[in-house]
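Before any comments, here is the structure.
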Amino acid sequence: MTRLSLDDRDLKILSLLCREGRISKTELAKRVNLSATPCWERMKRLEEAGLIQGYRAEVELTRIAPHVVVFVMVELENHRADAFRLFENAVSLHDEITEAWALGGGFDYLLQVIARDIDAYQRVVDALLDSRVGMRRYFTYIVTKGVKSAPPPLELLAQPERSEEK
């Protein structure tokens with residue numbers, strides 16, 4: 001995957017959109033010190049390059065319905081490419097699994113599950129087990145409270161590496 005060359009304004013646009021997705025184009029242009037047309041052109045370039053994958057609202061779930069957030073560490077029975085594909089396809093069929101990451105190290109996957117209650121969560125796990133997608137074992141971690149949720153620190157990530165002087 002090739003990296004797009006980004007300048008400070010591109011990074012500022014991306015950072016602002018991560019934090020304030022509904023910011024008006026006029027306000028965005030003002031905050032990055034550009035006129036509206038060049039700012040819009042940069043946004044379109046970032047979208048077309050696949051850096052902006054979408055826009056969405058953060059919803060306060062506790063105000064809509066009771067729910068639990070569960071993290072699940074999964075270890076597969078074997079580590080062949082077809083086993084990973086089979087498991088990943090099964091995960092994609094469950095709307096309650098809102099995020100999934102393949103891991104290096106001790107476990108193969110970390111899943112985030114949002115369900116109405118623990119019984120609903122367990123039904124998702126039982127469905128995965130019943131579908132014989134190669135789960136050797138899994139560990140459940142129930143979230144008791146959110147502590148931090150933030151967009152990625154784009155400006156920090158994009159800084160050039162500093163060589164250590166001796």
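As shown in the structure tokens, the chain order sets the letters A, B, ...; within each chain, residues go from 1, and ligands are also counted from 1 in the order they appear.
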
So which residues touch Val133 of chain A within 10 Å, counting only C-alpha atoms, skipping near sequence neighbours fewer than 5 positions away, as a CSV table (one decimal) with C-alpha atoms, in the first residue's frame?
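Printed below is part_31.csv as written:
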```csv
chain,number,residue,atom,x,y,z
A,76,LEU,CA,-8.3,-20.7,16.5
A,77,GLU,CA,-7.6,-24.4,16.3
A,83,ALA,CA,-9.0,-21.2,8.7
A,84,PHE,CA,-8.5,-17.5,9.1
A,85,ARG,CA,-10.8,-16.8,6.1
A,86,LEU,CA,-13.5,-19.1,7.4
A,87,PHE,CA,-13.5,-17.4,10.8
A,88,GLU,CA,-13.4,-13.9,9.4
A,89,ASN,CA,-16.3,-14.7,7.1
A,90,ALA,CA,-18.3,-16.0,10.1
A,91,VAL,CA,-17.5,-12.9,12.1
A,127,ALA,CA,-23.6,-19.4,17.0
A,128,LEU,CA,-19.9,-19.1,16.2
```

Open item on the list: Show me, as a list in words, the residues that have an atom within 12 Å of Ala57 of chain A when counting only C-alpha atoms, minus same-chain residues fewer than 3 positions from it.
Closed with: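 Residues near the query, excluding close chain neighbours: Leu17, Cys18, Arg19, Glu20, Gly21, Arg22, Gly54, Glu60 and Leu61 of chain A.
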
Open item on the list: If I take atom CA of Asn78 of chain A and atom CA of Arg136 of chain A, how far is one from the other in Å, to one decimal?
Closed with: 8.4 Å

Nearby residues (only C-alpha atoms) at most 7 Å from segment 67-69 of chain A, same-chain spacing under 5 positions excluded, as a PDB file with C-alpha atoms, in the first residue's frame:
```pdb
ATOM      1  CA  VAL A 113     -19.329  -7.287  20.694  1.00  0.00           C
ATOM      2  CA  ILE A 114     -22.205  -4.966  21.555  1.00  0.00           C
ATOM      3  CA  ALA A 115     -25.340  -6.842  22.586  1.00  0.00           C
ATOM      4  CA  ARG A 116     -28.551  -6.164  24.503  1.00  0.00           C
ATOM      5  CA  ASP A 117     -27.401  -8.289  27.459  1.00  0.00           C
ATOM      6  CA  ILE A 118     -25.090 -11.148  28.397  1.00  0.00           C
ATOM      7  CA  ILE A 142     -17.098  -7.352  29.987  1.00  0.00           C
ATOM      8  CA  VAL A 143     -16.654  -3.579  29.849  1.00  0.00           C
TER       9      VAL A 143
END
```

Which residues, written as a PDB file with N, CA and C atoms, in the first residue's frame, have at least one atom at most 12 Å from Asp10 of chain A, with only C-alpha atoms counted and residues fewer than 2 positions away on the same chain left out?
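Dumped to result-v3.pdb:
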```pdb
ATOM      1  N   LEU A   4       0.260   8.277   0.781  1.00  0.00           N
ATOM      2  CA  LEU A   4       0.054   9.564   0.137  1.00  0.00           C
ATOM      3  C   LEU A   4       0.906  10.590   0.862  1.00  0.00           C
ATOM      4  N   SER A   5       1.522  11.462   0.119  1.00  0.00           N
ATOM      5  CA  SER A   5       2.306  12.528   0.729  1.00  0.00           C
ATOM      6  C   SER A   5       1.343  13.558   1.308  1.00  0.00           C
ATOM      7  N   LEU A   6       1.447  13.775   2.600  1.00  0.00           N
ATOM      8  CA  LEU A   6       0.551  14.700   3.290  1.00  0.00           C
ATOM      9  C   LEU A   6       1.350  15.855   3.867  1.00  0.00           C
ATOM     10  N   ASP A   7       0.794  17.053   3.750  1.00  0.00           N
ATOM     11  CA  ASP A   7       1.428  18.189   4.402  1.00  0.00           C
ATOM     12  C   ASP A   7       0.667  18.507   5.688  1.00  0.00           C
ATOM     13  N   ASP A   8       1.103  19.542   6.382  1.00  0.00           N
ATOM     14  CA  ASP A   8       0.490  19.899   7.666  1.00  0.00           C
ATOM     15  C   ASP A   8      -0.995  20.219   7.526  1.00  0.00           C
ATOM     16  N   LYS A  12      -4.111  18.432   9.342  1.00  0.00           N
ATOM     17  CA  LYS A  12      -5.050  19.233  10.137  1.00  0.00           C
ATOM     18  C   LYS A  12      -6.489  18.961   9.687  1.00  0.00           C
ATOM     19  N   ILE A  13      -6.709  18.890   8.365  1.00  0.00           N
ATOM     20  CA  ILE A  13      -8.047  18.575   7.850  1.00  0.00           C
ATOM     21  C   ILE A  13      -8.495  17.218   8.376  1.00  0.00           C
ATOM     22  N   LEU A  14      -7.630  16.218   8.268  1.00  0.00           N
ATOM     23  CA  LEU A  14      -7.990  14.880   8.740  1.00  0.00           C
ATOM     24  C   LEU A  14      -8.254  14.864  10.239  1.00  0.00           C
ATOM     25  N   SER A  15      -7.426  15.549  11.000  1.00  0.00           N
ATOM     26  CA  SER A  15      -7.610  15.591  12.459  1.00  0.00           C
ATOM     27  C   SER A  15      -8.928  16.248  12.838  1.00  0.00           C
ATOM     28  N   LEU A  16      -9.223  17.361  12.195  1.00  0.00           N
ATOM     29  CA  LEU A  16     -10.482  18.050  12.486  1.00  0.00           C
ATOM     30  C   LEU A  16     -11.682  17.182  12.114  1.00  0.00           C
ATOM     31  N   LEU A  17     -11.617  16.516  10.974  1.00  0.00           N
ATOM     32  CA  LEU A  17     -12.726  15.657  10.569  1.00  0.00           C
ATOM     33  C   LEU A  17     -12.886  14.464  11.499  1.00  0.00           C
ATOM     34  N   LEU A  28     -14.204  24.507   8.372  1.00  0.00           N
ATOM     35  CA  LEU A  28     -13.002  23.702   8.182  1.00  0.00           C
ATOM     36  C   LEU A  28     -11.936  24.503   7.443  1.00  0.00           C
ATOM     37  N   ALA A  29     -12.331  25.165   6.360  1.00  0.00           N
ATOM     38  CA  ALA A  29     -11.379  25.978   5.583  1.00  0.00           C
ATOM     39  C   ALA A  29     -10.772  27.063   6.459  1.00  0.00           C
ATOM     40  N   ARG A  31     -10.415  27.064   9.730  1.00  0.00           N
ATOM     41  CA  ARG A  31      -9.559  26.498  10.776  1.00  0.00           C
ATOM     42  C   ARG A  31      -8.232  25.982  10.240  1.00  0.00           C
ATOM     43  N   VAL A  32      -8.161  25.661   8.942  1.00  0.00           N
ATOM     44  CA  VAL A  32      -6.883  25.220   8.373  1.00  0.00           C
ATOM     45  C   VAL A  32      -6.224  26.319   7.553  1.00  0.00           C
ATOM     46  N   ASN A  33      -6.805  27.526   7.632  1.00  0.00           N
ATOM     47  CA  ASN A  33      -6.238  28.711   6.995  1.00  0.00           C
ATOM     48  C   ASN A  33      -6.149  28.564   5.471  1.00  0.00           C
ATOM     49  N   LEU A  34      -7.277  28.149   4.882  1.00  0.00           N
ATOM     50  CA  LEU A  34      -7.411  28.047   3.432  1.00  0.00           C
ATOM     51  C   LEU A  34      -8.730  28.681   3.017  1.00  0.00           C
ATOM     52  N   PRO A  38      -9.883  25.558  -2.283  1.00  0.00           N
ATOM     53  CA  PRO A  38      -8.715  24.691  -2.076  1.00  0.00           C
ATOM     54  C   PRO A  38      -8.924  23.673  -0.950  1.00  0.00           C
ATOM     55  N   CYS A  39      -9.638  24.071   0.080  1.00  0.00           N
ATOM     56  CA  CYS A  39      -9.915  23.150   1.185  1.00  0.00           C
ATOM     57  C   CYS A  39     -10.793  21.999   0.682  1.00  0.00           C
ATOM     58  N   TRP A  40     -11.833  22.322  -0.070  1.00  0.00           N
ATOM     59  CA  TRP A  40     -12.731  21.318  -0.637  1.00  0.00           C
ATOM     60  C   TRP A  40     -11.945  20.380  -1.557  1.00  0.00           C
ATOM     61  N   GLU A  41     -11.051  20.931  -2.379  1.00  0.00           N
ATOM     62  CA  GLU A  41     -10.250  20.105  -3.288  1.00  0.00           C
ATOM     63  C   GLU A  41      -9.350  19.141  -2.509  1.00  0.00           C
ATOM     64  N   ARG A  42      -8.782  19.614  -1.405  1.00  0.00           N
ATOM     65  CA  ARG A  42      -7.962  18.736  -0.573  1.00  0.00           C
ATOM     66  C   ARG A  42      -8.809  17.614   0.035  1.00  0.00           C
ATOM     67  N   MET A  43      -9.992  17.981   0.516  1.00  0.00           N
ATOM     68  CA  MET A  43     -10.885  16.967   1.089  1.00  0.00           C
ATOM     69  C   MET A  43     -11.219  15.897   0.060  1.00  0.00           C
ATOM     70  N   LYS A  44     -11.565  16.317  -1.151  1.00  0.00           N
ATOM     71  CA  LYS A  44     -11.908  15.369  -2.220  1.00  0.00           C
ATOM     72  C   LYS A  44     -10.707  14.469  -2.542  1.00  0.00           C
ATOM     73  N   ARG A  45      -9.500  15.052  -2.573  1.00  0.00           N
ATOM     74  CA  ARG A  45      -8.290  14.263  -2.841  1.00  0.00           C
ATOM     75  C   ARG A  45      -8.071  13.233  -1.735  1.00  0.00           C
ATOM     76  N   LEU A  46      -8.296  13.633  -0.490  1.00  0.00           N
ATOM     77  CA  LEU A  46      -8.134  12.713   0.637  1.00  0.00           C
ATOM     78  C   LEU A  46      -9.175  11.598   0.587  1.00  0.00           C
ATOM     79  N   GLU A  47     -10.400  11.949   0.196  1.00  0.00           N
ATOM     80  CA  GLU A  47     -11.452  10.938   0.052  1.00  0.00           C
ATOM     81  C   GLU A  47     -11.115   9.976  -1.084  1.00  0.00           C
ATOM     82  N   LEU A  51      -8.168   7.869   2.205  1.00  0.00           N
ATOM     83  CA  LEU A  51      -7.796   8.232   3.579  1.00  0.00           C
ATOM     84  C   LEU A  51      -9.022   8.541   4.430  1.00  0.00           C
ATOM     85  N   ILE A  52     -10.046   9.098   3.824  1.00  0.00           N
ATOM     86  CA  ILE A  52     -11.313   9.324   4.521  1.00  0.00           C
ATOM     87  C   ILE A  52     -12.238   8.209   4.045  1.00  0.00           C
ATOM     88  N   LEU A 154      -3.106  11.857  14.669  1.00  0.00           N
ATOM     89  CA  LEU A 154      -2.524  11.923  13.328  1.00  0.00           C
ATOM     90  C   LEU A 154      -1.238  12.736  13.266  1.00  0.00           C
ATOM     91  N   GLU A 155      -1.218  13.895  13.916  1.00  0.00           N
ATOM     92  CA  GLU A 155      -0.023  14.735  13.850  1.00  0.00           C
ATOM     93  C   GLU A 155       1.178  14.030  14.462  1.00  0.00           C
ATOM     94  N   ALA A 158       2.354  11.096  12.073  1.00  0.00           N
ATOM     95  CA  ALA A 158       2.925  11.533  10.796  1.00  0.00           C
ATOM     96  C   ALA A 158       4.245  12.283  10.946  1.00  0.00           C
TER      97      ALA A 158
END
```

- [ ] Please give the complete set of residues from segment 12-78 of chain A that DSSP, run on the backbone, assigns to alpha helix (DSSP H), formatted as a VMD selection string.
- [x] chain A and resid 12 to 19 25 to 31 36 to 48

Using C-alpha atoms, can you write the selected residues to a file as a PDB file, in the first residue's frame?
```
ATOM      1  CA  LYS A  12      -5.050  19.233  10.137  1.00  0.00           C
ATOM      2  CA  ILE A  13      -8.047  18.575   7.850  1.00  0.00           C
ATOM      3  CA  LEU A  14      -7.990  14.880   8.740  1.00  0.00           C
ATOM      4  CA  SER A  15      -7.610  15.591  12.459  1.00  0.00           C
ATOM      5  CA  LEU A  16     -10.482  18.050  12.486  1.00  0.00           C
ATOM      6  CA  LEU A  17     -12.726  15.657  10.569  1.00  0.00           C
ATOM      7  CA  CYS A  18     -11.875  12.837  13.001  1.00  0.00           C
ATOM      8  CA  ARG A  19     -12.946  14.987  15.938  1.00  0.00           C
ATOM      9  CA  LYS A  25     -16.720  23.188   4.906  1.00  0.00           C
ATOM     10  CA  THR A  26     -16.501  26.931   5.526  1.00  0.00           C
ATOM     11  CA  GLU A  27     -15.447  26.444   9.148  1.00  0.00           C
ATOM     12  CA  LEU A  28     -13.002  23.702   8.182  1.00  0.00           C
ATOM     13  CA  ALA A  29     -11.379  25.978   5.583  1.00  0.00           C
ATOM     14  CA  LYS A  30     -11.127  28.772   8.140  1.00  0.00           C
ATOM     15  CA  ARG A  31      -9.559  26.498  10.776  1.00  0.00           C
ATOM     16  CA  ALA A  36     -13.146  27.182   0.686  1.00  0.00           C
ATOM     17  CA  THR A  37     -12.287  25.887  -2.809  1.00  0.00           C
ATOM     18  CA  PRO A  38      -8.715  24.691  -2.076  1.00  0.00           C
ATOM     19  CA  CYS A  39      -9.915  23.150   1.185  1.00  0.00           C
ATOM     20  CA  TRP A  40     -12.731  21.318  -0.637  1.00  0.00           C
ATOM     21  CA  GLU A  41     -10.250  20.105  -3.288  1.00  0.00           C
ATOM     22  CA  ARG A  42      -7.962  18.736  -0.573  1.00  0.00           C
ATOM     23  CA  MET A  43     -10.885  16.967   1.089  1.00  0.00           C
ATOM     24  CA  LYS A  44     -11.908  15.369  -2.220  1.00  0.00           C
ATOM     25  CA  ARG A  45      -8.290  14.263  -2.841  1.00  0.00           C
ATOM     26  CA  LEU A  46      -8.134  12.713   0.637  1.00  0.00           C
ATOM     27  CA  GLU A  47     -11.452  10.938   0.052  1.00  0.00           C
ATOM     28  CA  GLU A  48     -10.431   9.682  -3.404  1.00  0.00           C
TER      29      GLU A  48
END
```

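Taking atom CA of Asp108 of chain A as the reference point, atom CA of Glu75 of chain A is found at 5.1 Å.
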
Task: One-decimal distance in Å that lies between atom CA of Thr98 of chain A and atom CA of Leu111 of chain A - done: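 Spanning atom CA of Leu111 of chain A to atom CA of Thr98 of chain A is a straight-line distance of 7.7 Å.
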
Open item on the list: When you look at Tyr141 of chain A with a cut-off of 10 Å (counting only C-alpha atoms), what residues show up, excluding the ones that are within fewer than 4 positions of it in the same chain? I need them as a list in words.
Closed with: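 What passes the distance filter is Val69, Val70, Phe71, Val72, Met73 and Gln112 of chain A.
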
TODO: Would you return as number ranges by chain the members of chain A that DSSP assigns to strand (DSSP E or B) on this structure's backbone?
DONE: A: 68-76, 97-102, 109-115, 135-142

Store the residues picked out above in a file with C-alpha atoms, as an mmCIF file, in the first residue's frame.
```
data_model
loop_
_atom_site.group_PDB
_atom_site.id
_atom_site.type_symbol
_atom_site.label_atom_id
_atom_site.label_comp_id
_atom_site.auth_asym_id
_atom_site.auth_seq_id
_atom_site.Cartn_x
_atom_site.Cartn_y
_atom_site.Cartn_z
ATOM 1 C CA VAL A 68 -23.268 -4.567 27.181
ATOM 2 C CA VAL A 69 -19.934 -4.136 25.482
ATOM 3 C CA VAL A 70 -17.794 -7.253 25.529
ATOM 4 C CA PHE A 71 -14.277 -7.874 24.293
ATOM 5 C CA VAL A 72 -13.516 -11.424 23.269
ATOM 6 C CA MET A 73 -10.062 -12.910 22.773
ATOM 7 C CA VAL A 74 -10.238 -15.817 20.329
ATOM 8 C CA GLU A 75 -7.731 -18.572 19.618
ATOM 9 C CA LEU A 76 -8.275 -20.710 16.533
ATOM 10 C CA ILE A 97 -19.620 -7.998 16.400
ATOM 11 C CA THR A 98 -18.887 -4.344 15.749
ATOM 12 C CA GLU A 99 -15.108 -4.545 15.443
ATOM 13 C CA ALA A 100 -12.631 -7.345 14.940
ATOM 14 C CA TRP A 101 -8.858 -7.315 14.799
ATOM 15 C CA ALA A 102 -6.445 -10.065 13.756
ATOM 16 C CA TYR A 109 -8.407 -12.245 17.211
ATOM 17 C CA LEU A 110 -9.856 -9.555 19.418
ATOM 18 C CA LEU A 111 -13.583 -8.972 18.899
ATOM 19 C CA GLN A 112 -15.749 -6.167 20.195
ATOM 20 C CA VAL A 113 -19.329 -7.287 20.694
ATOM 21 C CA ILE A 114 -22.205 -4.966 21.555
ATOM 22 C CA ALA A 115 -25.340 -6.842 22.586
ATOM 23 C CA MET A 135 -12.599 -21.568 17.609
ATOM 24 C CA ARG A 136 -10.342 -23.482 19.999
ATOM 25 C CA ARG A 137 -11.084 -21.246 22.965
ATOM 26 C CA TYR A 138 -12.254 -17.760 23.810
ATOM 27 C CA PHE A 139 -12.038 -15.406 26.749
ATOM 28 C CA THR A 140 -14.733 -12.881 27.582
ATOM 29 C CA TYR A 141 -14.063 -9.445 29.080
ATOM 30 C CA ILE A 142 -17.098 -7.352 29.987
#
```

Task: Residue with smallest distance to Pro66 of chain A - pool A:Ala120, A:Val147, A:Ile23, A:Leu129, counting only C-alpha atoms - done: A:Ala120
